[in-house]
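Here is the structure we will look at.
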Amino acid sequence: MPYKEREISKMYYTMGEVSAMFDVNQSLIRFYEKEFDVLQPKKNKKGNRYFTPEDLENFKIIFNLIRDKGYTLQGAKDYLKSNIGDSRDNQRVIDSLENLKKFLLEVRDEI
């Protein structure tokens with residue numbers, strides 16, 4: 001059985017790393033931070049934002065609601081207030097399905 005490296009996860013991600021992950025401008029991330037209370041990145045003395053993995057998970061949920069499902073900002077806020085637990089579970093399912101799809105595409109390309 002080949003050795004499989006474990007995935008390295010960071011404790012904090014910079015604003016540039018988050019914007020590259022989601023392929024969005026940094027101004028959009030700052031805007032969502034202002035609009036949604038669940039996004040609370042840490043700031044150092046210079047004011048640089050550092051996002052935790054929990055912040056990234058919340059950002060994925062917000063991004064999915066607004067971009068993929070077509071919610072308005074107010075609609076996404078209302079949805080998060082009433083269904084934060086359900087939306088986190090749904091996002092975990094979506095992430096696992098995307099990972100499965102990626103794996104299956106890699107297997108298909110190897111054949």
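Scheme for the structure tokens: letters A, B, ... for chains in order shown; per-chain residue numbers from 1; ligand numbers from 1 in order shown.
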Spatial neighbours of A:Pro41, 8 Å, only C-alpha atoms, chain gap at least 3 places, as a PyMOL selection string: chain A and resi 49-52+55
Got time to write the residues from that selection, N, CA, C and O atoms, as a compact mmCIF listing (two decimals), in the first residue's frame?
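In the end it all went to again.txt:
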```
# COMPACT_ATOMS: atom_id res chain seq x y z
N ARG A 49 -5.94 40.71 8.00
CA ARG A 49 -6.95 39.73 8.41
C ARG A 49 -6.39 38.32 8.28
O ARG A 49 -5.76 37.98 7.28
N TYR A 50 -6.67 37.51 9.29
CA TYR A 50 -6.28 36.11 9.29
C TYR A 50 -7.53 35.27 9.53
O TYR A 50 -8.17 35.38 10.57
N PHE A 51 -7.86 34.42 8.56
CA PHE A 51 -9.07 33.62 8.60
C PHE A 51 -8.77 32.23 9.15
O PHE A 51 -7.79 31.59 8.76
N THR A 52 -9.63 31.76 10.04
CA THR A 52 -9.51 30.42 10.59
C THR A 52 -10.25 29.45 9.65
O THR A 52 -11.02 29.88 8.79
N ASP A 55 -13.85 30.15 9.71
CA ASP A 55 -14.22 31.29 8.86
C ASP A 55 -14.32 30.87 7.41
O ASP A 55 -15.22 31.32 6.69
```
All helix (DSSP H, G or I) positions in chain A, as a PyMOL selection string: chain A and resi 15-22+26-35+53-68+73-110
Name all residues at most 10 Å from A:Leu56 (count only C-alpha atoms; drop same-chain ones fewer than 2 positions away) and give them as a short mmCIF file (atom, residue, chain, number, x, y, z; two decimals) with N, CA and C atoms, in the first residue's frame.
```
data_model
loop_
_atom_site.label_atom_id
_atom_site.label_comp_id
_atom_site.auth_asym_id
_atom_site.auth_seq_id
_atom_site.Cartn_x
_atom_site.Cartn_y
_atom_site.Cartn_z
N TYR A 12 -4.32 29.54 10.26
CA TYR A 12 -4.79 30.83 9.78
C TYR A 12 -4.42 30.99 8.30
N TYR A 13 -5.31 31.63 7.57
CA TYR A 13 -5.10 31.91 6.15
C TYR A 13 -5.17 33.42 5.96
N VAL A 18 -7.16 33.39 0.82
CA VAL A 18 -8.60 33.15 0.74
C VAL A 18 -9.15 33.63 -0.59
N MET A 21 -8.23 31.10 -3.16
CA MET A 21 -9.00 29.86 -3.03
C MET A 21 -10.35 29.97 -3.73
N PHE A 22 -11.01 31.11 -3.54
CA PHE A 22 -12.35 31.28 -4.07
C PHE A 22 -12.37 32.04 -5.39
N LEU A 39 -18.70 35.86 9.81
CA LEU A 39 -17.32 36.01 9.37
C LEU A 39 -16.60 36.97 10.32
N PRO A 41 -12.77 37.33 11.03
CA PRO A 41 -11.35 37.00 10.98
C PRO A 41 -10.57 37.75 12.06
N PHE A 51 -7.86 34.42 8.56
CA PHE A 51 -9.07 33.62 8.60
C PHE A 51 -8.77 32.23 9.15
N THR A 52 -9.63 31.76 10.04
CA THR A 52 -9.51 30.42 10.59
C THR A 52 -10.25 29.45 9.65
N PRO A 53 -10.01 28.14 9.80
CA PRO A 53 -10.77 27.18 8.99
C PRO A 53 -12.28 27.31 9.19
N GLU A 54 -12.72 27.69 10.39
CA GLU A 54 -14.15 27.90 10.62
C GLU A 54 -14.66 29.09 9.80
N ASN A 58 -17.58 29.05 6.89
CA ASN A 58 -18.69 30.01 6.83
C ASN A 58 -18.68 30.77 5.51
N PHE A 59 -17.49 31.12 5.02
CA PHE A 59 -17.41 31.82 3.74
C PHE A 59 -17.89 30.93 2.60
N LYS A 60 -17.56 29.63 2.67
CA LYS A 60 -18.04 28.69 1.64
C LYS A 60 -19.56 28.64 1.63
N ILE A 61 -20.15 28.63 2.82
CA ILE A 61 -21.61 28.59 2.91
C ILE A 61 -22.21 29.85 2.30
N ILE A 62 -21.67 31.00 2.66
CA ILE A 62 -22.17 32.27 2.13
C ILE A 62 -21.99 32.32 0.62
#
```
Please report, as a PDB file with N, CA, C and O atoms, in the first residue's frame, each residue of chain A to which DSSP assigns strand (DSSP E or B) when run on this structure's backbone.
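Final output, saved to result.pdb:
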```pdb
ATOM      1  N   TYR A  13      -5.311  31.626   7.568  1.00  0.00           N
ATOM      2  CA  TYR A  13      -5.102  31.915   6.152  1.00  0.00           C
ATOM      3  C   TYR A  13      -5.167  33.424   5.956  1.00  0.00           C
ATOM      4  O   TYR A  13      -6.024  34.092   6.529  1.00  0.00           O
ATOM      5  N   THR A  14      -4.284  33.943   5.120  1.00  0.00           N
ATOM      6  CA  THR A  14      -4.281  35.382   4.861  1.00  0.00           C
ATOM      7  C   THR A  14      -5.395  35.736   3.880  1.00  0.00           C
ATOM      8  O   THR A  14      -5.988  34.863   3.243  1.00  0.00           O
ATOM      9  N   LYS A  42      -9.475  37.157  12.474  1.00  0.00           N
ATOM     10  CA  LYS A  42      -8.603  37.815  13.445  1.00  0.00           C
ATOM     11  C   LYS A  42      -7.817  38.900  12.716  1.00  0.00           C
ATOM     12  O   LYS A  42      -7.511  38.776  11.546  1.00  0.00           O
ATOM     13  N   LYS A  43      -7.509  39.974  13.425  1.00  0.00           N
ATOM     14  CA  LYS A  43      -6.699  41.046  12.843  1.00  0.00           C
ATOM     15  C   LYS A  43      -5.490  41.277  13.727  1.00  0.00           C
ATOM     16  O   LYS A  43      -5.595  41.286  14.950  1.00  0.00           O
ATOM     17  N   ARG A  49      -5.943  40.709   8.004  1.00  0.00           N
ATOM     18  CA  ARG A  49      -6.947  39.734   8.407  1.00  0.00           C
ATOM     19  C   ARG A  49      -6.388  38.321   8.283  1.00  0.00           C
ATOM     20  O   ARG A  49      -5.758  37.981   7.281  1.00  0.00           O
ATOM     21  N   TYR A  50      -6.673  37.510   9.292  1.00  0.00           N
ATOM     22  CA  TYR A  50      -6.284  36.107   9.286  1.00  0.00           C
ATOM     23  C   TYR A  50      -7.532  35.271   9.534  1.00  0.00           C
ATOM     24  O   TYR A  50      -8.171  35.376  10.567  1.00  0.00           O
ATOM     25  N   PHE A  51      -7.856  34.420   8.559  1.00  0.00           N
ATOM     26  CA  PHE A  51      -9.070  33.617   8.596  1.00  0.00           C
ATOM     27  C   PHE A  51      -8.773  32.229   9.149  1.00  0.00           C
ATOM     28  O   PHE A  51      -7.792  31.590   8.756  1.00  0.00           O
TER      29      PHE A  51
END
```
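The residue set within 9 Å of A:Leu73, counting only C-alpha atoms and dropping same-chain residues fewer than 5 places from it, reads Glu35, Phe36, Ile66 and Asp78 of chain A.
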Would you save the residues of that selection, restricted to N, CA, C and O atoms, as a PDB file, in the first residue's frame?
```
ATOM      1  N   GLU A  35     -20.935  42.520   6.043  1.00  0.00           N
ATOM      2  CA  GLU A  35     -22.353  42.210   5.940  1.00  0.00           C
ATOM      3  C   GLU A  35     -22.787  41.040   6.815  1.00  0.00           C
ATOM      4  O   GLU A  35     -23.908  41.026   7.308  1.00  0.00           O
ATOM      5  N   PHE A  36     -21.934  40.044   6.981  1.00  0.00           N
ATOM      6  CA  PHE A  36     -22.309  38.818   7.690  1.00  0.00           C
ATOM      7  C   PHE A  36     -21.564  38.737   9.012  1.00  0.00           C
ATOM      8  O   PHE A  36     -20.341  38.816   9.063  1.00  0.00           O
ATOM      9  N   ILE A  66     -25.080  32.634  -2.151  1.00  0.00           N
ATOM     10  CA  ILE A  66     -25.221  33.815  -3.015  1.00  0.00           C
ATOM     11  C   ILE A  66     -24.915  33.486  -4.468  1.00  0.00           C
ATOM     12  O   ILE A  66     -25.690  33.832  -5.366  1.00  0.00           O
ATOM     13  N   ASP A  78     -30.832  35.909   6.404  1.00  0.00           N
ATOM     14  CA  ASP A  78     -31.977  35.285   7.067  1.00  0.00           C
ATOM     15  C   ASP A  78     -31.826  33.763   7.116  1.00  0.00           C
ATOM     16  O   ASP A  78     -32.126  33.131   8.129  1.00  0.00           O
TER      17      ASP A  78
END
```
Spatial neighbours of A:Asp37, max dist 10 Å, only C-alpha atoms, sep filter under 2 positions, as a PyMOL selection string: chain A and resi 32-35+39-40+77+80-81
